[in-house]
Amino acid sequence: MSVPEHAVHYLEIVTGDVRSAAEFYANAYGWQFEDETPELGNAMVATLPDGSRCGIRAPMHDQEKPIVRTYLRVADIDDAVERAAQMGAEIALEPIEIPGHGKAAIYFLGGIEQGLWET
């Protein structure tokens, strides 16, 4: 199932206890997580009933804090990043290619981290 544009494509959960978090979501909502996906920071990933995905991973460096970050699906990530910047967002991560998964970017706005994802 394809996630429509501007809907949540990927929910990223960064935590120090990946297994416990995955067990929680599996038990609470029936989500089934696959083993670590190297291209997504070794996240355990579940595909949800609406076609969106949830990845739970450990911090990738000492300064990365636990966070829940949503990535909205966009048709053209370069266009979406440019528009976000024009509207006052601080681009934290320019679009990057994630092999086999598309392109992702991150911006900050009002103290909130938001992601964009082009498939």
# chains A, B, ... in the order shown; residues from 1 in each chain; ligands from 1
>>> select_by_dssp(residues="chain A", states="strand (DSSP E or B)", output="ChimeraX atom specification")
/A:8-14,33-37,43-47,53-57,67-73,90-98,102-109,112-118
>>> residues_around(residues="segment 86-92 of chain A", least_positions_apart="2", cutoff="9 Å", atoms="only C-alpha atoms", output="PyMOL selection string")
chain A and resi 81-84+94+105-110+113
>>> closest_atom_pairs(of="segment 20-107 of chain A", to="segment 9-14 of chain A", cutoff="9 Å", atoms="only C-alpha atoms", output="tab-separated table")
residue	atom	partner	partner_atom	distance
A:Ala21	CA	A:Ile13	CA	8.7
A:Ala43	CA	A:Glu12	CA	8.5
A:Gly51	CA	A:His9	CA	7.8
A:Ser52	CA	A:His9	CA	4.7
A:Arg53	CA	A:Tyr10	CA	4.8
A:Cys54	CA	A:Leu11	CA	4.6
A:Gly55	CA	A:Glu12	CA	5.0
A:Ile56	CA	A:Ile13	CA	4.7
A:Arg57	CA	A:Val14	CA	5.1
A:Ala58	CA	A:Val14	CA	5.4
A:Pro59	CA	A:Val14	CA	5.9
A:Met60	CA	A:Val14	CA	8.9
A:Glu64	CA	A:Val14	CA	8.5
A:Lys65	CA	A:Val14	CA	7.4
A:Pro66	CA	A:Val14	CA	4.9
A:Ile67	CA	A:Val14	CA	5.2
A:Val68	CA	A:Ile13	CA	4.6
A:Arg69	CA	A:Glu12	CA	5.1
A:Thr70	CA	A:Leu11	CA	4.7
A:Tyr71	CA	A:Tyr10	CA	5.1
A:Leu72	CA	A:His9	CA	5.3
A:Arg73	CA	A:His9	CA	5.2
A:Val74	CA	A:His9	CA	8.9
>>> write_last_selection(atoms="N, CA and C atoms", output="PDB file, in the first residue's frame")
ATOM      1  N   ALA A  21      11.209  -1.209  23.515  1.00  0.00           N
ATOM      2  CA  ALA A  21      10.269  -0.360  22.779  1.00  0.00           C
ATOM      3  C   ALA A  21       9.555  -1.170  21.702  1.00  0.00           C
ATOM      4  N   ALA A  43      17.723   0.259  12.473  1.00  0.00           N
ATOM      5  CA  ALA A  43      16.392   0.275  13.082  1.00  0.00           C
ATOM      6  C   ALA A  43      15.696  -1.059  12.872  1.00  0.00           C
ATOM      7  N   GLY A  51       0.304   1.117   5.472  1.00  0.00           N
ATOM      8  CA  GLY A  51       1.442   1.165   4.561  1.00  0.00           C
ATOM      9  C   GLY A  51       2.598   2.006   5.077  1.00  0.00           C
ATOM     10  N   SER A  52       2.366   2.811   6.110  1.00  0.00           N
ATOM     11  CA  SER A  52       3.462   3.576   6.701  1.00  0.00           C
ATOM     12  C   SER A  52       4.352   2.612   7.474  1.00  0.00           C
ATOM     13  N   ARG A  53       5.496   3.122   7.930  1.00  0.00           N
ATOM     14  CA  ARG A  53       6.426   2.251   8.646  1.00  0.00           C
ATOM     15  C   ARG A  53       6.891   2.922   9.922  1.00  0.00           C
ATOM     16  N   CYS A  54       7.297   2.105  10.878  1.00  0.00           N
ATOM     17  CA  CYS A  54       7.861   2.593  12.127  1.00  0.00           C
ATOM     18  C   CYS A  54       9.219   1.922  12.301  1.00  0.00           C
ATOM     19  N   GLY A  55      10.235   2.746  12.538  1.00  0.00           N
ATOM     20  CA  GLY A  55      11.572   2.230  12.797  1.00  0.00           C
ATOM     21  C   GLY A  55      12.011   2.626  14.192  1.00  0.00           C
ATOM     22  N   ILE A  56      12.498   1.662  14.940  1.00  0.00           N
ATOM     23  CA  ILE A  56      13.004   1.921  16.289  1.00  0.00           C
ATOM     24  C   ILE A  56      14.490   1.593  16.284  1.00  0.00           C
ATOM     25  N   ARG A  57      15.294   2.589  16.689  1.00  0.00           N
ATOM     26  CA  ARG A  57      16.739   2.405  16.664  1.00  0.00           C
ATOM     27  C   ARG A  57      17.386   3.071  17.868  1.00  0.00           C
ATOM     28  N   ALA A  58      18.627   2.683  18.102  1.00  0.00           N
ATOM     29  CA  ALA A  58      19.436   3.283  19.159  1.00  0.00           C
ATOM     30  C   ALA A  58      20.038   4.590  18.647  1.00  0.00           C
ATOM     31  N   PRO A  59      20.442   5.481  19.541  1.00  0.00           N
ATOM     32  CA  PRO A  59      21.146   6.692  19.107  1.00  0.00           C
ATOM     33  C   PRO A  59      22.394   6.304  18.313  1.00  0.00           C
ATOM     34  N   MET A  60      22.707   7.116  17.300  1.00  0.00           N
ATOM     35  CA  MET A  60      23.865   6.825  16.456  1.00  0.00           C
ATOM     36  C   MET A  60      25.141   7.506  16.941  1.00  0.00           C
ATOM     37  N   GLU A  64      23.122  12.278  20.391  1.00  0.00           N
ATOM     38  CA  GLU A  64      21.746  12.058  19.931  1.00  0.00           C
ATOM     39  C   GLU A  64      20.870  11.631  21.093  1.00  0.00           C
ATOM     40  N   LYS A  65      19.821  12.384  21.331  1.00  0.00           N
ATOM     41  CA  LYS A  65      18.908  12.110  22.437  1.00  0.00           C
ATOM     42  C   LYS A  65      17.715  11.301  21.951  1.00  0.00           C
ATOM     43  N   PRO A  66      17.021  10.631  22.867  1.00  0.00           N
ATOM     44  CA  PRO A  66      15.788   9.935  22.479  1.00  0.00           C
ATOM     45  C   PRO A  66      14.804  10.935  21.850  1.00  0.00           C
ATOM     46  N   ILE A  67      14.127  10.477  20.828  1.00  0.00           N
ATOM     47  CA  ILE A  67      13.181  11.333  20.105  1.00  0.00           C
ATOM     48  C   ILE A  67      12.200  10.471  19.335  1.00  0.00           C
ATOM     49  N   VAL A  68      11.039  11.030  19.077  1.00  0.00           N
ATOM     50  CA  VAL A  68      10.088  10.458  18.128  1.00  0.00           C
ATOM     51  C   VAL A  68       9.969  11.486  17.014  1.00  0.00           C
ATOM     52  N   ARG A  69      10.286  11.073  15.795  1.00  0.00           N
ATOM     53  CA  ARG A  69      10.306  11.997  14.654  1.00  0.00           C
ATOM     54  C   ARG A  69       9.438  11.419  13.539  1.00  0.00           C
ATOM     55  N   THR A  70       8.549  12.226  13.013  1.00  0.00           N
ATOM     56  CA  THR A  70       7.739  11.793  11.875  1.00  0.00           C
ATOM     57  C   THR A  70       8.354  12.304  10.577  1.00  0.00           C
ATOM     58  N   TYR A  71       8.246  11.495   9.547  1.00  0.00           N
ATOM     59  CA  TYR A  71       8.681  11.864   8.210  1.00  0.00           C
ATOM     60  C   TYR A  71       7.441  11.842   7.316  1.00  0.00           C
ATOM     61  N   LEU A  72       7.128  12.981   6.722  1.00  0.00           N
ATOM     62  CA  LEU A  72       5.996  13.069   5.810  1.00  0.00           C
ATOM     63  C   LEU A  72       6.451  12.690   4.411  1.00  0.00           C
ATOM     64  N   ARG A  73       5.612  11.953   3.691  1.00  0.00           N
ATOM     65  CA  ARG A  73       5.947  11.578   2.322  1.00  0.00           C
ATOM     66  C   ARG A  73       5.708  12.772   1.420  1.00  0.00           C
ATOM     67  N   VAL A  74       6.691  13.051   0.571  1.00  0.00           N
ATOM     68  CA  VAL A  74       6.588  14.140  -0.403  1.00  0.00           C
ATOM     69  C   VAL A  74       6.945  13.611  -1.787  1.00  0.00           C
TER      70      VAL A  74
END
>>> select_by_dssp(residues="chain A", states="helix (DSSP H, G or I)", output="list in words")
Val18, Arg19, Ser20, Ala21, Ala22, Glu23, Phe24, Tyr25, Ala26, Asn27, Ala28, Tyr29, Pro38, Glu39, Leu40, Ile77, Asp78, Asp79, Ala80, Val81, Glu82, Arg83, Ala84, Ala85 and Gln86 of chain A
>>> write_last_selection(atoms="N, CA, C and O atoms", output="compact mmCIF listing (two decimals), in the first residue's frame")
# COMPACT_ATOMS: atom_id res chain seq x y z
N VAL A 18 15.98 -0.36 22.51
CA VAL A 18 15.27 -0.69 21.27
C VAL A 18 14.36 -1.90 21.44
O VAL A 18 13.19 -1.89 21.06
N ARG A 19 14.89 -2.96 22.00
CA ARG A 19 14.11 -4.21 22.13
C ARG A 19 12.85 -4.01 22.98
O ARG A 19 11.77 -4.46 22.61
N SER A 20 12.96 -3.31 24.09
CA SER A 20 11.80 -3.08 24.95
C SER A 20 10.76 -2.23 24.23
O SER A 20 9.55 -2.48 24.34
N ALA A 21 11.21 -1.21 23.52
CA ALA A 21 10.27 -0.36 22.78
C ALA A 21 9.55 -1.17 21.70
O ALA A 21 8.33 -1.06 21.55
N ALA A 22 10.30 -1.99 20.96
CA ALA A 22 9.68 -2.82 19.92
C ALA A 22 8.69 -3.81 20.53
O ALA A 22 7.60 -4.01 19.98
N GLU A 23 9.04 -4.38 21.66
CA GLU A 23 8.12 -5.30 22.35
C GLU A 23 6.85 -4.58 22.78
O GLU A 23 5.75 -5.13 22.67
N PHE A 24 7.00 -3.35 23.28
CA PHE A 24 5.83 -2.58 23.69
C PHE A 24 4.87 -2.40 22.51
O PHE A 24 3.67 -2.69 22.62
N TYR A 25 5.38 -1.89 21.39
CA TYR A 25 4.51 -1.63 20.24
C TYR A 25 3.95 -2.93 19.65
O TYR A 25 2.81 -2.95 19.17
N ALA A 26 4.72 -3.98 19.69
CA ALA A 26 4.23 -5.27 19.21
C ALA A 26 3.08 -5.76 20.08
O ALA A 26 2.04 -6.20 19.57
N ASN A 27 3.24 -5.67 21.39
CA ASN A 27 2.20 -6.14 22.31
C ASN A 27 0.99 -5.21 22.34
O ASN A 27 -0.15 -5.66 22.43
N ALA A 28 1.24 -3.89 22.28
CA ALA A 28 0.14 -2.93 22.38
C ALA A 28 -0.68 -2.85 21.09
O ALA A 28 -1.90 -2.71 21.14
N TYR A 29 0.01 -2.93 19.93
CA TYR A 29 -0.67 -2.67 18.66
C TYR A 29 -0.55 -3.78 17.63
O TYR A 29 -1.07 -3.65 16.52
N PRO A 38 20.23 -2.05 8.28
CA PRO A 38 21.43 -1.21 8.29
C PRO A 38 21.24 0.15 7.62
O PRO A 38 21.73 1.16 8.12
N GLU A 39 20.51 0.21 6.50
CA GLU A 39 20.33 1.47 5.78
C GLU A 39 19.54 2.50 6.61
O GLU A 39 19.59 3.69 6.32
N LEU A 40 18.82 2.05 7.60
CA LEU A 40 18.00 2.94 8.43
C LEU A 40 18.56 3.03 9.85
O LEU A 40 17.82 3.06 10.84
N ILE A 77 11.42 15.88 -2.84
CA ILE A 77 12.05 16.29 -1.58
C ILE A 77 12.83 17.59 -1.70
O ILE A 77 12.82 18.40 -0.78
N ASP A 78 13.49 17.80 -2.82
CA ASP A 78 14.24 19.05 -2.99
C ASP A 78 13.30 20.25 -2.94
O ASP A 78 13.59 21.26 -2.28
N ASP A 79 12.18 20.14 -3.62
CA ASP A 79 11.17 21.18 -3.61
C ASP A 79 10.60 21.39 -2.20
O ASP A 79 10.45 22.52 -1.74
N ALA A 80 10.32 20.29 -1.51
CA ALA A 80 9.74 20.37 -0.16
C ALA A 80 10.72 20.99 0.83
O ALA A 80 10.32 21.78 1.70
N VAL A 81 12.00 20.66 0.72
CA VAL A 81 13.02 21.23 1.60
C VAL A 81 13.16 22.73 1.33
O VAL A 81 13.22 23.54 2.26
N GLU A 82 13.20 23.09 0.07
CA GLU A 82 13.31 24.51 -0.29
C GLU A 82 12.11 25.30 0.25
O GLU A 82 12.27 26.38 0.82
N ARG A 83 10.94 24.74 0.11
CA ARG A 83 9.73 25.42 0.59
C ARG A 83 9.75 25.55 2.12
O ARG A 83 9.40 26.59 2.67
N ALA A 84 10.17 24.49 2.81
CA ALA A 84 10.26 24.54 4.28
C ALA A 84 11.23 25.65 4.71
O ALA A 84 10.93 26.41 5.64
N ALA A 85 12.37 25.75 4.04
CA ALA A 85 13.35 26.79 4.37
C ALA A 85 12.78 28.18 4.12
O ALA A 85 12.96 29.09 4.94
N GLN A 86 12.08 28.34 3.02
CA GLN A 86 11.47 29.63 2.71
C GLN A 86 10.43 30.03 3.76
O GLN A 86 10.20 31.21 3.99
>>> atom_distance(atom1="atom CA of Gly100 of chain A", atom2="atom CA of Gly30 of chain A")
25.6 Å
